[in-house]
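**Student:** Hey, dropping coords_29.cif in here, mmCIF, N, CA and C atoms:
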```
data_structure
#
loop_
_atom_site.group_PDB
_atom_site.id
_atom_site.type_symbol
_atom_site.label_atom_id
_atom_site.label_comp_id
_atom_site.auth_asym_id
_atom_site.auth_seq_id
_atom_site.Cartn_x
_atom_site.Cartn_y
_atom_site.Cartn_z
ATOM 1 N N MET G 258 83.022 53.501 -15.147
ATOM 2 C CA MET G 258 82.035 54.547 -15.046
ATOM 3 C C MET G 258 82.645 55.849 -15.553
ATOM 4 N N ALA G 259 81.926 56.535 -16.416
ATOM 5 C CA ALA G 259 82.431 57.761 -17.014
ATOM 6 C C ALA G 259 82.389 58.919 -16.016
ATOM 7 N N ARG G 260 83.390 59.752 -16.080
ATOM 8 C CA ARG G 260 83.429 60.956 -15.239
ATOM 9 C C ARG G 260 82.486 61.991 -15.841
ATOM 10 N N SER G 261 81.855 62.769 -14.987
ATOM 11 C CA SER G 261 80.972 63.800 -15.506
ATOM 12 C C SER G 261 81.079 65.046 -14.644
ATOM 13 N N GLU G 262 80.703 66.173 -15.225
ATOM 14 C CA GLU G 262 80.730 67.440 -14.507
ATOM 15 C C GLU G 262 79.574 67.546 -13.524
ATOM 16 N N THR G 263 78.505 66.769 -13.741
ATOM 17 C CA THR G 263 77.349 66.832 -12.846
ATOM 18 C C THR G 263 77.634 66.158 -11.512
ATOM 19 N N ARG G 264 78.478 65.115 -11.521
ATOM 20 C CA ARG G 264 78.799 64.386 -10.294
ATOM 21 C C ARG G 264 80.306 64.419 -10.044
ATOM 22 N N PRO G 265 80.824 65.547 -9.546
ATOM 23 C CA PRO G 265 82.273 65.623 -9.315
ATOM 24 C C PRO G 265 82.677 64.878 -8.036
ATOM 25 N N VAL G 266 83.945 64.520 -7.972
ATOM 26 C CA VAL G 266 84.505 63.899 -6.775
ATOM 27 C C VAL G 266 84.824 65.027 -5.804
ATOM 28 N N VAL G 267 84.366 64.902 -4.551
ATOM 29 C CA VAL G 267 84.634 65.928 -3.537
ATOM 30 C C VAL G 267 85.322 65.291 -2.333
ATOM 31 N N THR G 268 86.102 66.096 -1.643
ATOM 32 C CA THR G 268 86.786 65.664 -0.436
ATOM 33 C C THR G 268 86.054 66.234 0.766
ATOM 34 N N LEU G 269 85.772 65.388 1.749
ATOM 35 C CA LEU G 269 85.132 65.827 2.989
ATOM 36 C C LEU G 269 86.179 65.795 4.094
ATOM 37 N N ARG G 270 86.419 66.951 4.756
ATOM 38 C CA ARG G 270 87.413 67.035 5.816
ATOM 39 C C ARG G 270 86.721 67.237 7.161
ATOM 40 N N SER G 271 87.242 66.596 8.175
ATOM 41 C CA SER G 271 86.668 66.657 9.514
ATOM 42 C C SER G 271 86.741 68.076 10.076
ATOM 43 N N THR G 272 85.646 68.524 10.689
ATOM 44 C CA THR G 272 85.634 69.842 11.318
ATOM 45 C C THR G 272 86.256 69.795 12.715
ATOM 46 N N ALA G 273 86.570 68.599 13.198
ATOM 47 C CA ALA G 273 87.182 68.455 14.517
ATOM 48 C C ALA G 273 88.669 68.799 14.494
ATOM 49 N N GLY G 274 89.240 68.946 13.298
ATOM 50 C CA GLY G 274 90.640 69.329 13.198
ATOM 51 C C GLY G 274 91.623 68.178 13.271
ATOM 52 N N THR G 275 91.139 66.939 13.102
ATOM 53 C CA THR G 275 92.036 65.785 13.165
ATOM 54 C C THR G 275 92.735 65.537 11.840
ATOM 55 N N GLY G 276 92.216 66.125 10.757
ATOM 56 C CA GLY G 276 92.825 65.943 9.451
ATOM 57 C C GLY G 276 92.300 64.742 8.695
ATOM 58 N N HIS G 277 91.350 63.998 9.260
ATOM 59 C CA HIS G 277 90.796 62.828 8.582
ATOM 60 C C HIS G 277 89.886 63.279 7.439
ATOM 61 N N THR G 278 89.951 62.566 6.302
ATOM 62 C CA THR G 278 89.142 62.932 5.137
ATOM 63 C C THR G 278 88.407 61.723 4.586
ATOM 64 N N TYR G 279 87.312 61.991 3.905
ATOM 65 C CA TYR G 279 86.573 61.009 3.123
ATOM 66 C C TYR G 279 86.481 61.552 1.706
ATOM 67 N N VAL G 280 86.403 60.661 0.719
ATOM 68 C CA VAL G 280 86.229 61.064 -0.669
ATOM 69 C C VAL G 280 84.913 60.480 -1.155
ATOM 70 N N THR G 281 84.084 61.311 -1.782
ATOM 71 C CA THR G 281 82.782 60.868 -2.261
ATOM 72 C C THR G 281 82.416 61.657 -3.515
ATOM 73 N N ARG G 282 81.267 61.349 -4.072
ATOM 74 C CA ARG G 282 80.744 62.089 -5.218
ATOM 75 C C ARG G 282 79.466 62.785 -4.797
ATOM 76 N N LYS G 283 79.154 63.887 -5.467
ATOM 77 C CA LYS G 283 77.900 64.571 -5.174
ATOM 78 C C LYS G 283 77.262 65.038 -6.465
ATOM 79 N N ASN G 284 75.939 65.159 -6.431
ATOM 80 C CA ASN G 284 75.206 65.652 -7.575
ATOM 81 C C ASN G 284 75.139 67.167 -7.473
ATOM 82 N N ARG G 285 75.781 67.854 -8.394
ATOM 83 C CA ARG G 285 75.868 69.308 -8.339
ATOM 84 C C ARG G 285 74.518 69.983 -8.595
ATOM 85 N N ARG G 286 73.632 69.325 -9.320
ATOM 86 C CA ARG G 286 72.308 69.909 -9.582
ATOM 87 C C ARG G 286 71.447 69.919 -8.326
ATOM 88 N N ASN G 287 71.485 68.844 -7.547
ATOM 89 C CA ASN G 287 70.676 68.753 -6.335
ATOM 90 C C ASN G 287 71.316 69.474 -5.149
ATOM 91 N N ASN G 288 72.637 69.492 -5.086
ATOM 92 C CA ASN G 288 73.366 70.104 -3.967
ATOM 93 C C ASN G 288 74.413 71.082 -4.486
ATOM 94 N N PRO G 289 74.008 72.267 -4.919
ATOM 95 C CA PRO G 289 75.002 73.209 -5.450
ATOM 96 C C PRO G 289 75.894 73.813 -4.364
ATOM 97 N N ASP G 290 75.413 73.827 -3.112
ATOM 98 C CA ASP G 290 76.204 74.382 -2.012
ATOM 99 C C ASP G 290 77.185 73.340 -1.497
ATOM 100 N N ARG G 291 78.005 73.760 -0.537
ATOM 101 C CA ARG G 291 78.959 72.821 0.058
ATOM 102 C C ARG G 291 78.230 71.739 0.826
ATOM 103 N N LEU G 292 78.787 70.550 0.776
ATOM 104 C CA LEU G 292 78.175 69.381 1.391
ATOM 105 C C LEU G 292 78.644 69.244 2.839
ATOM 106 N N PHE G 293 77.694 68.981 3.760
ATOM 107 C CA PHE G 293 77.997 68.718 5.158
ATOM 108 C C PHE G 293 77.409 67.362 5.506
ATOM 109 N N LEU G 294 78.250 66.435 5.973
ATOM 110 C CA LEU G 294 77.780 65.112 6.367
ATOM 111 C C LEU G 294 78.341 64.769 7.739
ATOM 112 N N ARG G 295 77.542 64.078 8.526
ATOM 113 C CA ARG G 295 77.984 63.620 9.844
ATOM 114 C C ARG G 295 78.501 62.193 9.670
ATOM 115 N N LYS G 296 79.826 62.025 9.832
ATOM 116 C CA LYS G 296 80.453 60.730 9.611
ATOM 117 C C LYS G 296 81.400 60.411 10.774
ATOM 118 N N TYR G 297 81.887 59.175 10.780
ATOM 119 C CA TYR G 297 82.755 58.697 11.856
ATOM 120 C C TYR G 297 84.190 59.173 11.648
ATOM 121 N N ASP G 298 84.784 59.744 12.667
ATOM 122 C CA ASP G 298 86.182 60.157 12.647
ATOM 123 C C ASP G 298 86.971 59.177 13.519
ATOM 124 N N PRO G 299 87.743 58.264 12.927
ATOM 125 C CA PRO G 299 88.453 57.244 13.701
ATOM 126 C C PRO G 299 89.540 57.822 14.613
ATOM 127 N N ALA G 300 90.090 58.978 14.275
ATOM 128 C CA ALA G 300 91.107 59.592 15.122
ATOM 129 C C ALA G 300 90.500 60.069 16.439
ATOM 130 N N LEU G 301 89.240 60.487 16.385
ATOM 131 C CA LEU G 301 88.540 60.985 17.564
ATOM 132 C C LEU G 301 87.729 59.880 18.242
ATOM 133 N N GLY G 302 87.286 58.913 17.445
ATOM 134 C CA GLY G 302 86.492 57.815 17.978
ATOM 135 C C GLY G 302 85.018 58.131 18.114
ATOM 136 N N GLU G 303 84.546 59.142 17.386
ATOM 137 C CA GLU G 303 83.126 59.484 17.438
ATOM 138 C C GLU G 303 82.685 60.126 16.118
ATOM 139 N N HIS G 304 81.387 60.317 15.975
ATOM 140 C CA HIS G 304 80.838 60.946 14.776
ATOM 141 C C HIS G 304 80.939 62.463 14.894
ATOM 142 N N VAL G 305 81.428 63.090 13.843
ATOM 143 C CA VAL G 305 81.541 64.548 13.799
ATOM 144 C C VAL G 305 81.079 65.032 12.432
ATOM 145 N N LEU G 306 80.968 66.345 12.282
ATOM 146 C CA LEU G 306 80.553 66.943 11.025
ATOM 147 C C LEU G 306 81.742 67.008 10.073
ATOM 148 N N PHE G 307 81.538 66.566 8.839
ATOM 149 C CA PHE G 307 82.548 66.655 7.798
ATOM 150 C C PHE G 307 82.075 67.651 6.758
ATOM 151 N N ARG G 308 82.957 68.534 6.316
ATOM 152 C CA ARG G 308 82.598 69.615 5.397
ATOM 153 C C ARG G 308 83.317 69.438 4.070
ATOM 154 N N GLU G 309 82.615 69.756 3.005
ATOM 155 C CA GLU G 309 83.218 69.639 1.664
ATOM 156 C C GLU G 309 84.333 70.637 1.518
ATOM 157 N N GLU G 310 85.444 70.165 0.956
ATOM 158 C CA GLU G 310 86.623 70.991 0.717
ATOM 159 C C GLU G 310 86.771 71.177 -0.781
ATOM 160 N N ARG G 311 87.112 72.375 -1.204
ATOM 161 C CA ARG G 311 87.274 72.602 -2.651
ATOM 162 C C ARG G 311 88.715 72.864 -2.992
#
```
Could I get this structure in the form of structure tokens?

**Tutor:**
Amino acid sequence: MARSETRPVVTLRSTAGTGHTYVTRKNRRNNPDRLFLRKYDPALGEHVLFREER
């Protein structure tokens, strides 16, 4: 799959402060702001908010 500027790879870091990260892609045209997703943090054992890191 070709890399493109429209769908960059972004890192999502846990807001709980555990240091756990996820790596995903996002569509910059649809979501120009920072991405916030609620995902599972295995260090904490529960779902928390993950914020896009630049």

**Student:** Set the distance at 10 Å and use only C-alpha atoms: which residues neighbour segment 286-293 of chain G once local chain neighbours fewer than 2 positions away are removed? I'd like the list as an mmCIF file with N, CA and C atoms, in the coordinates of the input.

**Tutor:**
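Dumped to around.cif:
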```cif
data_model
loop_
_atom_site.group_PDB
_atom_site.id
_atom_site.type_symbol
_atom_site.label_atom_id
_atom_site.label_comp_id
_atom_site.auth_asym_id
_atom_site.auth_seq_id
_atom_site.Cartn_x
_atom_site.Cartn_y
_atom_site.Cartn_z
ATOM 1 N N THR G 263 78.505 66.769 -13.741
ATOM 2 C CA THR G 263 77.349 66.832 -12.846
ATOM 3 C C THR G 263 77.634 66.158 -11.512
ATOM 4 N N ARG G 264 78.478 65.115 -11.521
ATOM 5 C CA ARG G 264 78.799 64.386 -10.294
ATOM 6 C C ARG G 264 80.306 64.419 -10.044
ATOM 7 N N VAL G 267 84.366 64.902 -4.551
ATOM 8 C CA VAL G 267 84.634 65.928 -3.537
ATOM 9 C C VAL G 267 85.322 65.291 -2.333
ATOM 10 N N THR G 268 86.102 66.096 -1.643
ATOM 11 C CA THR G 268 86.786 65.664 -0.436
ATOM 12 C C THR G 268 86.054 66.234 0.766
ATOM 13 N N LEU G 269 85.772 65.388 1.749
ATOM 14 C CA LEU G 269 85.132 65.827 2.989
ATOM 15 C C LEU G 269 86.179 65.795 4.094
ATOM 16 N N ARG G 270 86.419 66.951 4.756
ATOM 17 C CA ARG G 270 87.413 67.035 5.816
ATOM 18 C C ARG G 270 86.721 67.237 7.161
ATOM 19 N N SER G 271 87.242 66.596 8.175
ATOM 20 C CA SER G 271 86.668 66.657 9.514
ATOM 21 C C SER G 271 86.741 68.076 10.076
ATOM 22 N N THR G 272 85.646 68.524 10.689
ATOM 23 C CA THR G 272 85.634 69.842 11.318
ATOM 24 C C THR G 272 86.256 69.795 12.715
ATOM 25 N N LYS G 283 79.154 63.887 -5.467
ATOM 26 C CA LYS G 283 77.900 64.571 -5.174
ATOM 27 C C LYS G 283 77.262 65.038 -6.465
ATOM 28 N N ASN G 284 75.939 65.159 -6.431
ATOM 29 C CA ASN G 284 75.206 65.652 -7.575
ATOM 30 C C ASN G 284 75.139 67.167 -7.473
ATOM 31 N N ARG G 295 77.542 64.078 8.526
ATOM 32 C CA ARG G 295 77.984 63.620 9.844
ATOM 33 C C ARG G 295 78.501 62.193 9.670
ATOM 34 N N LYS G 296 79.826 62.025 9.832
ATOM 35 C CA LYS G 296 80.453 60.730 9.611
ATOM 36 C C LYS G 296 81.400 60.411 10.774
ATOM 37 N N LEU G 306 80.968 66.345 12.282
ATOM 38 C CA LEU G 306 80.553 66.943 11.025
ATOM 39 C C LEU G 306 81.742 67.008 10.073
ATOM 40 N N PHE G 307 81.538 66.566 8.839
ATOM 41 C CA PHE G 307 82.548 66.655 7.798
ATOM 42 C C PHE G 307 82.075 67.651 6.758
ATOM 43 N N ARG G 308 82.957 68.534 6.316
ATOM 44 C CA ARG G 308 82.598 69.615 5.397
ATOM 45 C C ARG G 308 83.317 69.438 4.070
ATOM 46 N N GLU G 309 82.615 69.756 3.005
ATOM 47 C CA GLU G 309 83.218 69.639 1.664
ATOM 48 C C GLU G 309 84.333 70.637 1.518
ATOM 49 N N GLU G 310 85.444 70.165 0.956
ATOM 50 C CA GLU G 310 86.623 70.991 0.717
ATOM 51 C C GLU G 310 86.771 71.177 -0.781
ATOM 52 N N ARG G 311 87.112 72.375 -1.204
ATOM 53 C CA ARG G 311 87.274 72.602 -2.651
ATOM 54 C C ARG G 311 88.715 72.864 -2.992
#
```

**Student:** Go ahead and compute the interatomic distance for atom CA of Glu303 of chain G and atom CA of Val280 of chain G, in Å to one decimal.

**Tutor:**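 Between these atoms lies a distance of 18.4 Å.
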
**Student:** So how far away is atom N of His304 of chain G from atom CA of Thr278 of chain G, in Å?

**Tutor:** 13.6 Å

**Student:** Atom CA of Leu294 of chain G and atom CA of Val266 of chain G, how far apart in Å?

**Tutor:**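 Computing the Euclidean distance for atom CA of Val266 of chain G and atom CA of Leu294 of chain G yields 14.8 Å.
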
**Student:** What lies within 8 Å of Ala300 of chain G using all atoms listed in the file, ignoring chain neighbours under 4 positions off, as a compact mmCIF listing (two decimals) with N, CA and C atoms, keeping the file's coordinate frame?

**Tutor:**
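Wrote it out as part_17.txt, contents follow:
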```txt
# COMPACT_ATOMS: atom_id res chain seq x y z
N THR G 275 91.14 66.94 13.10
CA THR G 275 92.04 65.78 13.16
C THR G 275 92.74 65.54 11.84
N GLY G 276 92.22 66.12 10.76
CA GLY G 276 92.82 65.94 9.45
C GLY G 276 92.30 64.74 8.70
N HIS G 277 91.35 64.00 9.26
CA HIS G 277 90.80 62.83 8.58
C HIS G 277 89.89 63.28 7.44
```

**Student:** Can you check which residues of segment 261-299 of chain G DSSP gives as strand (DSSP E or B) on the backbone and send them as a PyMOL selection string?

**Tutor:** chain G and resi 266-271+278-282+293-298
